[in-house]
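Asks: Next up, target_29.pdb (PDB, C-alpha atoms).
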ATOM      1  CA  MET A 296    -108.380-101.027 -28.384
ATOM      2  CA  ASP A 297    -105.590 -98.943 -29.853
ATOM      3  CA  GLU A 298    -103.990 -96.019 -28.067
ATOM      4  CA  TYR A 299    -102.816 -92.652 -29.358
ATOM      5  CA  VAL A 300    -100.678 -89.964 -27.742
ATOM      6  CA  LEU A 301    -101.972 -86.417 -27.370
ATOM      7  CA  ARG A 302     -99.570 -83.561 -26.787
ATOM      8  CA  ALA A 303    -100.785 -80.414 -25.046
ATOM      9  CA  VAL A 304    -100.215 -77.358 -27.266
ATOM     10  CA  GLY A 305    -101.050 -74.863 -24.514
ATOM     11  CA  ARG A 306    -102.747 -74.245 -21.174
ATOM     12  CA  VAL A 307    -105.747 -72.359 -19.820
ATOM     13  CA  GLU A 308    -105.019 -69.445 -17.499
ATOM     14  CA  SER A 309    -108.219 -68.702 -15.608
ATOM     15  CA  SER A 310    -109.525 -67.372 -12.321
ATOM     16  CA  LEU A 311    -111.483 -70.636 -12.090
ATOM     17  CA  THR A 312    -109.473 -72.906  -9.845
ATOM     18  CA  ASP A 313    -112.168 -74.917  -8.119
ATOM     19  CA  LEU A 314    -113.712 -77.730 -10.092
ATOM     20  CA  ALA A 315    -116.869 -77.683  -7.966
ATOM     21  CA  ALA A 316    -117.353 -73.955  -8.623
ATOM     22  CA  ALA A 317    -116.801 -74.269 -12.382
ATOM     23  CA  PRO A 318    -119.937 -73.750 -14.448
ATOM     24  CA  LYS A 319    -120.741 -76.818 -16.476
ATOM     25  CA  GLN A 320    -121.335 -74.987 -19.759
ATOM     26  CA  GLY A 321    -119.941 -71.716 -21.069
ATOM     27  CA  ASP A 322    -123.242 -69.874 -21.029
ATOM     28  CA  GLU A 323    -123.693 -70.288 -17.291
ATOM     29  CA  GLY A 324    -121.429 -67.455 -16.225
ATOM     30  CA  ALA A 325    -117.928 -68.735 -16.966
ATOM     31  CA  PRO A 326    -115.221 -66.042 -16.828
ATOM     32  CA  GLU A 327    -112.878 -64.819 -19.512
ATOM     33  CA  ALA A 328    -109.655 -66.779 -19.736
ATOM     34  CA  TRP A 329    -106.314 -66.776 -21.504
ATOM     35  CA  LEU A 330    -105.131 -69.607 -23.723
ATOM     36  CA  VAL A 331    -101.336 -69.677 -23.526
ATOM     37  CA  PHE A 332     -99.656 -71.636 -26.303
ATOM     38  CA  ASP A 333     -96.326 -73.359 -26.621
ATOM     39  CA  ASP A 334     -93.956 -71.514 -28.932
ATOM     40  CA  THR A 335     -93.604 -74.659 -31.057
ATOM     41  CA  VAL A 336     -97.134 -74.043 -32.444
ATOM     42  CA  ALA A 337     -96.824 -70.301 -33.124
ATOM     43  CA  GLU A 338     -97.179 -70.887 -36.868
ATOM     44  CA  ALA A 339    -100.526 -72.685 -36.378
ATOM     45  CA  LEU A 340    -101.909 -69.618 -34.545
ATOM     46  CA  ARG A 341    -100.841 -66.931 -36.958
ATOM     47  CA  ASP A 342    -104.172 -66.305 -38.719
ATOM     48  CA  LEU A 343    -106.306 -66.029 -35.564
ATOM     49  CA  ALA A 344    -107.612 -62.553 -34.754
ATOM     50  CA  ALA A 345    -109.893 -60.843 -32.252
ATOM     51  CA  GLY A 346    -113.548 -61.358 -33.105
ATOM     52  CA  ALA A 347    -113.133 -64.888 -34.438
ATOM     53  CA  GLU A 348    -115.343 -67.631 -33.004
ATOM     54  CA  VAL A 349    -113.437 -70.825 -32.417
ATOM     55  CA  LEU A 350    -113.865 -74.244 -30.884
ATOM     56  CA  VAL A 351    -111.327 -74.981 -28.159
ATOM     57  CA  LEU A 352    -110.555 -78.633 -27.464
ATOM     58  CA  THR A 353    -109.152 -79.305 -24.009
ATOM     59  CA  TRP A 354    -108.040 -82.302 -21.982
ATOM     60  CA  LEU A 355    -110.200 -82.469 -18.853
ATOM     61  CA  ASP A 356    -107.421 -84.004 -16.848
ATOM     62  CA  ARG A 357    -109.476 -84.273 -13.666
ATOM     63  CA  GLY A 358    -112.137 -86.379 -15.380
ATOM     64  CA  ARG A 359    -112.618 -89.959 -14.243
ATOM     65  CA  ARG A 360    -112.073 -92.205 -17.233
ATOM     66  CA  ASP A 361    -113.626 -95.308 -15.699
ATOM     67  CA  VAL A 362    -117.068 -93.696 -15.354
ATOM     68  CA  LEU A 363    -119.572 -94.802 -18.017
ATOM     69  CA  SER A 364    -122.833 -93.415 -16.602
ATOM     70  CA  VAL A 365    -123.650 -90.382 -14.456
ATOM     71  CA  GLN A 366    -126.591 -88.766 -12.717
ATOM     72  CA  PRO A 367    -128.022 -85.850 -14.750
ATOM     73  CA  ARG A 368    -126.850 -82.765 -12.883
ATOM     74  CA  ASP A 369    -130.056 -80.819 -13.477
ATOM     75  CA  ASP A 370    -132.282 -83.394 -11.823
ATOM     76  CA  ARG A 371    -130.766 -85.719  -9.264
ATOM     77  CA  THR A 372    -133.976 -87.700  -9.051
ATOM     78  CA  ARG A 373    -133.559 -88.993 -12.603
ATOM     79  CA  PRO A 374    -131.766 -92.259 -13.312
ATOM     80  CA  GLU A 375    -128.151 -92.317 -14.428
ATOM     81  CA  MET A 376    -127.422 -91.757 -18.107
ATOM     82  CA  GLY A 377    -124.691 -93.191 -20.315
ATOM     83  CA  VAL A 378    -121.906 -90.590 -20.577
ATOM     84  CA  PHE A 379    -122.112 -90.447 -24.396
ATOM     85  CA  SER A 380    -125.534 -88.818 -23.851
ATOM     86  CA  THR A 381    -124.054 -86.195 -21.485
ATOM     87  CA  ARG A 382    -121.331 -83.559 -21.395
ATOM     88  CA  SER A 383    -119.873 -84.944 -18.170
ATOM     89  CA  PRO A 384    -116.076 -84.548 -17.870
ATOM     90  CA  ASP A 385    -116.094 -88.113 -16.560
ATOM     91  CA  ARG A 386    -115.845 -90.264 -19.737
ATOM     92  CA  PRO A 387    -113.383 -92.648 -21.396
ATOM     93  CA  ASN A 388    -111.568 -89.862 -23.305
ATOM     94  CA  PRO A 389    -112.183 -86.627 -21.378
ATOM     95  CA  ILE A 390    -111.912 -84.163 -24.257
ATOM     96  CA  GLY A 391    -113.615 -80.829 -23.539
ATOM     97  CA  LEU A 392    -115.269 -78.853 -26.332
ATOM     98  CA  HIS A 393    -115.819 -75.127 -25.826
ATOM     99  CA  ARG A 394    -117.118 -72.519 -28.248
ATOM    100  CA  VAL A 395    -115.570 -69.123 -27.512
ATOM    101  CA  THR A 396    -114.918 -65.755 -29.121
ATOM    102  CA  ILE A 397    -111.365 -64.455 -29.277
ATOM    103  CA  LEU A 398    -111.196 -61.053 -27.565
ATOM    104  CA  GLU A 399    -107.473 -60.312 -27.882
ATOM    105  CA  VAL A 400    -104.355 -61.798 -29.433
ATOM    106  CA  ASP A 401    -101.047 -61.110 -27.700
ATOM    107  CA  GLY A 402     -98.324 -63.210 -29.286
ATOM    108  CA  LEU A 403     -98.753 -66.763 -28.034
ATOM    109  CA  ARG A 404    -101.628 -65.739 -25.762
ATOM    110  CA  LEU A 405    -105.313 -65.517 -26.731
ATOM    111  CA  ARG A 406    -107.888 -63.924 -24.444
ATOM    112  CA  VAL A 407    -111.309 -65.544 -24.890
ATOM    113  CA  ASP A 408    -114.759 -64.947 -23.458
ATOM    114  CA  ARG A 409    -116.460 -67.299 -21.013
ATOM    115  CA  LEU A 410    -114.517 -70.537 -20.804
ATOM    116  CA  GLU A 411    -115.716 -73.227 -18.391
ATOM    117  CA  ALA A 412    -112.300 -74.832 -17.786
ATOM    118  CA  VAL A 413    -110.225 -74.552 -14.636
ATOM    119  CA  ASP A 414    -106.804 -72.923 -14.482
ATOM    120  CA  GLY A 415    -104.088 -75.163 -15.897
ATOM    121  CA  THR A 416    -106.345 -77.233 -18.155
ATOM    122  CA  PRO A 417    -104.321 -78.501 -21.153
ATOM    123  CA  VAL A 418    -105.338 -77.175 -24.592
ATOM    124  CA  LEU A 419    -105.286 -79.714 -27.447
ATOM    125  CA  ASP A 420    -106.584 -77.925 -30.548
ATOM    126  CA  LEU A 421    -108.414 -74.916 -31.955
ATOM    127  CA  LYS A 422    -110.822 -75.150 -34.888
ATOM    128  CA  PRO A 423    -112.800 -72.483 -36.734
ATOM    129  CA  VAL A 424    -116.575 -72.515 -36.306
ATOM    130  CA  LEU A 425    -118.136 -73.466 -39.648
ATOM    131  CA  GLY A 426    -121.356 -72.276 -41.215
ATOM    132  CA  ASP A 427    -122.336 -69.810 -38.486
ATOM    133  CA  VAL A 428    -123.155 -72.646 -36.127
ATOM    134  CA  GLY A 429    -121.063 -74.300 -33.506
ATOM    135  CA  ASP A 430    -121.304 -76.109 -30.287
ATOM    136  CA  ARG A 431    -120.569 -75.121 -26.744
TER     137      ARG A 431
ATOM    138  CA  MET B1235     -95.470 -80.160 -23.187
ATOM    139  CA  ASP B1236     -97.306 -82.898 -21.385
ATOM    140  CA  GLU B1237     -98.697 -85.972 -23.083
ATOM    141  CA  TYR B1238    -101.935 -87.881 -22.564
ATOM    142  CA  VAL B1239    -103.070 -91.275 -23.806
ATOM    143  CA  LEU B1240    -106.255 -91.628 -25.837
ATOM    144  CA  ARG B1241    -107.941 -94.986 -26.157
ATOM    145  CA  ALA B1242    -110.157 -95.708 -29.158
ATOM    146  CA  VAL B1243    -113.674 -96.658 -28.021
ATOM    147  CA  GLY B1244    -114.758 -97.765 -31.490
ATOM    148  CA  ARG B1245    -114.184 -97.603 -35.236
ATOM    149  CA  VAL B1246    -115.854 -96.169 -38.322
ATOM    150  CA  GLU B1247    -117.172 -98.662 -40.868
ATOM    151  CA  SER B1248    -117.644 -96.793 -44.124
ATOM    152  CA  SER B1249    -117.598 -97.226 -47.881
ATOM    153  CA  LEU B1250    -115.087 -94.341 -47.906
ATOM    154  CA  THR B1251    -111.678 -95.928 -48.129
ATOM    155  CA  ASP B1252    -109.752 -93.383 -50.155
ATOM    156  CA  LEU B1253    -108.553 -90.323 -48.305
ATOM    157  CA  ALA B1254    -108.320 -88.293 -51.503
ATOM    158  CA  ALA B1255    -111.941 -89.088 -52.377
ATOM    159  CA  ALA B1256    -113.245 -88.263 -48.896
ATOM    160  CA  PRO B1257    -115.312 -85.082 -48.752
ATOM    161  CA  LYS B1258    -113.737 -82.550 -46.420
ATOM    162  CA  GLN B1259    -116.938 -81.669 -44.563
ATOM    163  CA  GLY B1260    -120.040 -83.710 -43.886
ATOM    164  CA  ASP B1261    -122.347 -81.589 -46.003
ATOM    165  CA  GLU B1262    -120.388 -82.244 -49.188
ATOM    166  CA  GLY B1263    -121.856 -85.637 -49.953
ATOM    167  CA  ALA B1264    -120.346 -87.935 -47.353
ATOM    168  CA  PRO B1265    -122.016 -91.350 -47.116
ATOM    169  CA  GLU B1266    -123.784 -92.980 -44.214
ATOM    170  CA  ALA B1267    -121.491 -94.945 -41.946
ATOM    171  CA  TRP B1268    -121.558 -97.283 -38.966
ATOM    172  CA  LEU B1269    -119.859 -96.509 -35.680
ATOM    173  CA  VAL B1270    -118.878 -99.830 -34.112
ATOM    174  CA  PHE B1271    -118.072 -99.638 -30.401
ATOM    175  CA  ASP B1272    -116.012-101.771 -28.093
ATOM    176  CA  ASP B1273    -118.110-103.788 -25.679
ATOM    177  CA  THR B1274    -116.268-102.204 -22.756
ATOM    178  CA  VAL B1275    -118.195 -98.928 -23.378
ATOM    179  CA  ALA B1276    -121.663-100.433 -23.879
ATOM    180  CA  GLU B1277    -122.913 -98.707 -20.723
ATOM    181  CA  ALA B1278    -121.881 -95.265 -22.074
ATOM    182  CA  LEU B1279    -124.011 -95.827 -25.206
ATOM    183  CA  ARG B1280    -127.178 -97.031 -23.566
ATOM    184  CA  ASP B1281    -129.244 -93.817 -23.807
ATOM    185  CA  LEU B1282    -128.543 -93.099 -27.486
ATOM    186  CA  ALA B1283    -131.447 -93.562 -29.878
ATOM    187  CA  ALA B1284    -132.325 -93.040 -33.520
ATOM    188  CA  GLY B1285    -133.027 -89.396 -34.288
ATOM    189  CA  ALA B1286    -130.487 -87.976 -31.856
ATOM    190  CA  GLU B1287    -127.969 -85.462 -33.170
ATOM    191  CA  VAL B1288    -124.524 -86.075 -31.769
ATOM    192  CA  LEU B1289    -120.961 -84.886 -32.157
ATOM    193  CA  VAL B1290    -118.541 -87.671 -33.037
ATOM    194  CA  LEU B1291    -114.899 -87.155 -32.106
ATOM    195  CA  THR B1292    -112.462 -89.225 -34.134
ATOM    196  CA  TRP B1293    -108.712 -89.680 -34.356
ATOM    197  CA  LEU B1294    -107.627 -88.743 -37.889
ATOM    198  CA  ASP B1295    -104.778 -91.199 -37.833
ATOM    199  CA  ARG B1296    -103.572 -90.337 -41.310
ATOM    200  CA  GLY B1297    -103.091 -86.665 -40.404
ATOM    201  CA  ARG B1298     -99.563 -85.259 -40.432
ATOM    202  CA  ARG B1299     -98.863 -83.918 -36.965
ATOM    203  CA  ASP B1300     -95.834 -81.852 -37.952
ATOM    204  CA  VAL B1301     -97.823 -79.611 -40.315
ATOM    205  CA  LEU B1302     -98.617 -76.156 -38.871
ATOM    206  CA  SER B1303     -99.878 -74.314 -41.963
ATOM    207  CA  VAL B1304    -101.716 -75.456 -45.084
ATOM    208  CA  GLN B1305    -102.971 -74.085 -48.378
ATOM    209  CA  PRO B1306    -106.733 -73.327 -48.257
ATOM    210  CA  ARG B1307    -108.307 -76.149 -50.241
ATOM    211  CA  ASP B1308    -110.991 -73.922 -51.827
ATOM    212  CA  ASP B1309    -108.483 -71.531 -53.402
ATOM    213  CA  ARG B1310    -104.996 -72.777 -54.104
ATOM    214  CA  THR B1311    -103.876 -69.283 -55.091
ATOM    215  CA  ARG B1312    -104.258 -67.998 -51.554
ATOM    216  CA  PRO B1313    -101.350 -68.081 -49.107
ATOM    217  CA  GLU B1314    -101.026 -70.817 -46.530
ATOM    218  CA  MET B1315    -102.987 -70.500 -43.296
ATOM    219  CA  GLY B1316    -102.158 -71.601 -39.775
ATOM    220  CA  VAL B1317    -103.904 -74.917 -39.138
ATOM    221  CA  PHE B1318    -105.788 -73.592 -36.094
ATOM    222  CA  SER B1319    -107.730 -71.435 -38.616
ATOM    223  CA  THR B1320    -108.588 -74.479 -40.758
ATOM    224  CA  ARG B1321    -110.254 -77.894 -40.445
ATOM    225  CA  SER B1322    -107.280 -79.640 -42.032
ATOM    226  CA  PRO B1323    -106.660 -83.181 -40.707
ATOM    227  CA  ASP B1324    -102.981 -82.198 -40.657
ATOM    228  CA  ARG B1325    -102.504 -80.581 -37.211
ATOM    229  CA  PRO B1326    -100.642 -81.269 -33.950
ATOM    230  CA  ASN B1327    -103.519 -83.286 -32.438
ATOM    231  CA  PRO B1328    -105.596 -84.636 -35.357
ATOM    232  CA  ILE B1329    -108.969 -84.884 -33.620
ATOM    233  CA  GLY B1330    -111.889 -84.916 -36.056
ATOM    234  CA  LEU B1331    -115.232 -83.341 -35.088
ATOM    235  CA  HIS B1332    -118.349 -84.473 -36.964
ATOM    236  CA  ARG B1333    -121.985 -83.585 -36.372
ATOM    237  CA  VAL B1334    -124.252 -86.452 -37.367
ATOM    238  CA  THR B1335    -127.750 -87.793 -36.815
ATOM    239  CA  ILE B1336    -128.170 -91.321 -35.502
ATOM    240  CA  LEU B1337    -130.306 -93.322 -37.948
ATOM    241  CA  GLU B1338    -130.284 -96.723 -36.241
ATOM    242  CA  VAL B1339    -129.028 -98.365 -33.072
ATOM    243  CA  ASP B1340    -128.118-102.047 -33.251
ATOM    244  CA  GLY B1341    -126.420-103.084 -30.016
ATOM    245  CA  LEU B1342    -122.869-101.750 -30.110
ATOM    246  CA  ARG B1343    -123.355-100.376 -33.635
ATOM    247  CA  LEU B1344    -124.779 -96.963 -34.551
ATOM    248  CA  ARG B1345    -125.705 -96.068 -38.129
ATOM    249  CA  VAL B1346    -125.239 -92.342 -38.792
ATOM    250  CA  ASP B1347    -125.846 -90.023 -41.729
ATOM    251  CA  ARG B1348    -123.078 -88.430 -43.792
ATOM    252  CA  LEU B1349    -119.755 -88.952 -42.032
ATOM    253  CA  GLU B1350    -116.605 -87.656 -43.715
ATOM    254  CA  ALA B1351    -114.216 -90.187 -42.177
ATOM    255  CA  VAL B1352    -112.591 -93.117 -43.955
ATOM    256  CA  ASP B1353    -113.183 -96.746 -43.053
ATOM    257  CA  GLY B1354    -111.289 -97.775 -39.935
ATOM    258  CA  THR B1355    -111.008 -94.299 -38.403
ATOM    259  CA  PRO B1356    -110.826 -94.627 -34.600
ATOM    260  CA  VAL B1357    -113.738 -93.146 -32.616
ATOM    261  CA  LEU B1358    -112.824 -91.316 -29.393
ATOM    262  CA  ASP B1359    -116.037 -89.884 -27.978
ATOM    263  CA  LEU B1360    -119.684 -89.001 -28.591
ATOM    264  CA  LYS B1361    -121.320 -85.886 -27.151
ATOM    265  CA  PRO B1362    -124.882 -84.613 -27.374
ATOM    266  CA  VAL B1363    -125.473 -81.454 -29.415
ATOM    267  CA  LEU B1364    -126.521 -78.672 -27.030
ATOM    268  CA  GLY B1365    -128.987 -75.855 -27.528
ATOM    269  CA  ASP B1366    -130.084 -76.820 -31.026
ATOM    270  CA  VAL B1367    -126.763 -75.770 -32.495
ATOM    271  CA  GLY B1368    -123.735 -77.823 -33.238
ATOM    272  CA  ASP B1369    -120.726 -77.962 -35.422
ATOM    273  CA  ARG B1370    -119.780 -80.106 -38.366
TER     274      ARG B1370
END
Mind turning this structure into structure tokens?
Replies:
Amino acid sequence: MDEYVLRAVGRVESSLTDLAAAPKQGDEGAPEAWLVFDDTVAEALRDLAAGAEVLVLTWLDRGRRDVLSVQPRDDRTRPEMGVFSTRSPDRPNPIGLHRVTILEVDGLRLRVDRLEAVDGTPVLDLKPVLGDVGDR
Amino acid sequence: MDEYVLRAVGRVESSLTDLAAAPKQGDEGAPEAWLVFDDTVAEALRDLAAGAEVLVLTWLDRGRRDVLSVQPRDDRTRPEMGVFSTRSPDRPNPIGLHRVTILEVDGLRLRVDRLEAVDGTPVLDLKPVLGDVGDR
């Protein structure tokens, strides 16, 4: 199949440094974090403001891309499930999707609430939440 | 900034072939479409079934990656906005995010409702919608 090249536009700065300690979804007690952007994308950021809800796309660079099924983490007695039916970071293209609220904008840095990504995780994209619904 | 390699896991088969005619969001009259997967990811698909709501991540390969601000499409009199505040396909990493319902599973092919992606668009990932909310 064809290949495409992603370029990180920023990085996560977080107190989360241990993958095993990271909550699996944002509503399970993830800490605030900073998104620190490259100055080449400053123009793309310029209309973001505190209070906005956004979707953050990340590259889960510790994910195992050769894994196609995983054990459900909430019940280890259940059989493995295909990764397209899970949010496992182990998947062919380990893109993370996180719904957050912007708490503060400081130049190229955005402080966001509860983000379940470890320190140093590459940021790929930000998108506005549409229609008052979104997905963590 | 660092670079990462995406690999398409499938393709969109759709009657939408004209980018200009494509609706910009799924609730604006997009047609049904088929997602056709590579046989190397069959195991990742195995727990998907008709009725499931999923998020489809695509690679919007016609997007212009050097565009950082765009005119809002709903009001051409307004000033340009930074692309991270829009769903424009023109953005540094043109990843499309589509919430759809699976209508039919036929081996490596999934039929889904209203998908606003043109025929041939590469598919990157599928994720389950969590907590009864999701994002188009």
Asks: Nearest to chain A: which of B:Gly1354, B:Gly1330, B:Pro1323, B:Pro1362 is it, counting only C-alpha atoms?
Replies: B:Pro1362
Asks: Ranking A:Asp361, A:Glu327, A:Asp420, A:Asp370 by minimum distance to chain B and counting all atoms listed in the file, which one comes first?
Replies: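 Ranking A:Asp361, A:Glu327, A:Asp420, A:Asp370 by distance to chain B, first place goes to A:Asp420.
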Asks: Compute the chain B side of the contact with chain A at 8 Å, counting only C-alpha atoms, and hand it back as a PyMOL selection string.
Replies: chain B and resi 1235-1244+1272+1275+1277-1282+1302-1303+1315-1321+1326-1327+1329+1358-1364+1367-1370
Asks: Using all atoms listed in the file, find the one residue out of B:Leu1337, B:Ala1351, B:Val1357, B:Leu1294 that sits nearest to B:Val1270.
Replies: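 The answer is B:Val1357, which sits nearest to B:Val1270.
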Asks: Once the PyMOL selection byres ((chain B and resi 1338) around 10) is applied to the coordinates I shared, what remains selected? I want it as a ChimeraX atom specification.
Replies: /B:1268,1282-1286,1335-1337,1339-1341,1343-1347
Asks: Produce the centre coordinates and the three edge lengths, each in Å to one decimal, of the box along x, y and z that contains all listed atoms of stretch 1346-1350 of chain B with 3 Å added on each side, as lines of an AutoDock Vina configuration file.
Replies:
center_x = -121.2
center_y = -90.0
center_z = -41.3
size_x = 15.2
size_y = 10.7
size_z = 11.0
Asks: Work out how far apart atom CA of A:Gly358 and atom CA of B:Leu1349 are and give it in Å to one decimal.
Replies: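 Answer for the atom CA of A:Gly358 to atom CA of B:Leu1349 separation: 27.8 Å.
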Asks: What does the structure give for the distance between atom CA of A:Leu314 and atom CA of A:Val395, in Å to one decimal?
Replies: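 Computing it gives 19.5 Å between the two atoms.
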Asks: Between atom CA of A:Glu308 and atom CA of A:Ala328, what is the spacing in Å?
Replies: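 Computing it gives 5.8 Å between the two atoms.
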Asks: Which of these, B:Asp1273, B:Glu1287, B:Pro1313, B:Asp1324, has the shortest distance to B:Arg1299 once you count all atoms listed in the file?
Replies: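 When distances to B:Arg1299 are compared using all atoms listed in the file, the smallest one comes from B:Asp1324.
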Asks: Quick test: take stretch 344-358 of chain A, keep N, CA, C and O atoms, and write it as a compact mmCIF listing (two decimals), in the first residue's frame.
Replies:
# COMPACT_ATOMS: atom_id res chain seq x y z
N ALA A 344 -8.00 30.19 21.04
CA ALA A 344 -8.08 31.00 22.25
C ALA A 344 -8.49 30.12 23.42
O ALA A 344 -9.07 29.03 23.24
N ALA A 345 -8.21 30.57 24.62
CA ALA A 345 -8.61 29.85 25.83
C ALA A 345 -10.11 29.62 25.80
O ALA A 345 -10.88 30.50 25.37
N GLY A 346 -10.53 28.45 26.24
CA GLY A 346 -11.95 28.11 26.26
C GLY A 346 -12.36 27.24 25.10
O GLY A 346 -13.39 26.55 25.18
N ALA A 347 -11.60 27.26 24.02
CA ALA A 347 -11.97 26.46 22.84
C ALA A 347 -11.75 24.98 23.12
O ALA A 347 -10.77 24.59 23.74
N GLU A 348 -12.68 24.16 22.61
CA GLU A 348 -12.51 22.70 22.65
C GLU A 348 -11.95 22.27 21.31
O GLU A 348 -12.50 22.62 20.26
N VAL A 349 -10.89 21.50 21.37
CA VAL A 349 -10.25 21.07 20.13
C VAL A 349 -9.92 19.59 20.20
O VAL A 349 -9.84 18.99 21.27
N LEU A 350 -9.73 19.02 19.01
CA LEU A 350 -9.24 17.65 18.89
C LEU A 350 -7.75 17.74 18.58
O LEU A 350 -7.34 18.44 17.65
N VAL A 351 -6.95 17.06 19.37
CA VAL A 351 -5.50 17.01 19.17
C VAL A 351 -5.17 15.66 18.55
O VAL A 351 -5.56 14.62 19.09
N LEU A 352 -4.49 15.67 17.42
CA LEU A 352 -4.01 14.44 16.80
C LEU A 352 -2.53 14.31 17.11
O LEU A 352 -1.76 15.26 16.89
N THR A 353 -2.15 13.16 17.63
CA THR A 353 -0.75 12.93 18.00
C THR A 353 -0.23 11.68 17.29
O THR A 353 -1.00 10.88 16.76
N TRP A 354 1.08 11.53 17.33
CA TRP A 354 1.72 10.32 16.80
C TRP A 354 2.22 9.53 18.00
O TRP A 354 3.13 9.97 18.71
N LEU A 355 1.58 8.39 18.25
CA LEU A 355 1.90 7.58 19.43
C LEU A 355 3.12 6.74 19.11
O LEU A 355 3.05 5.55 18.79
N ASP A 356 4.28 7.40 19.22
CA ASP A 356 5.49 6.85 18.62
C ASP A 356 6.02 5.62 19.35
O ASP A 356 6.96 4.99 18.88
N ARG A 357 5.39 5.29 20.50
CA ARG A 357 5.80 4.05 21.18
C ARG A 357 4.88 2.89 20.82
O ARG A 357 5.05 1.77 21.31
N GLY A 358 3.87 3.16 20.00
CA GLY A 358 2.94 2.10 19.61
C GLY A 358 3.62 1.06 18.74
O GLY A 358 4.54 1.37 17.98
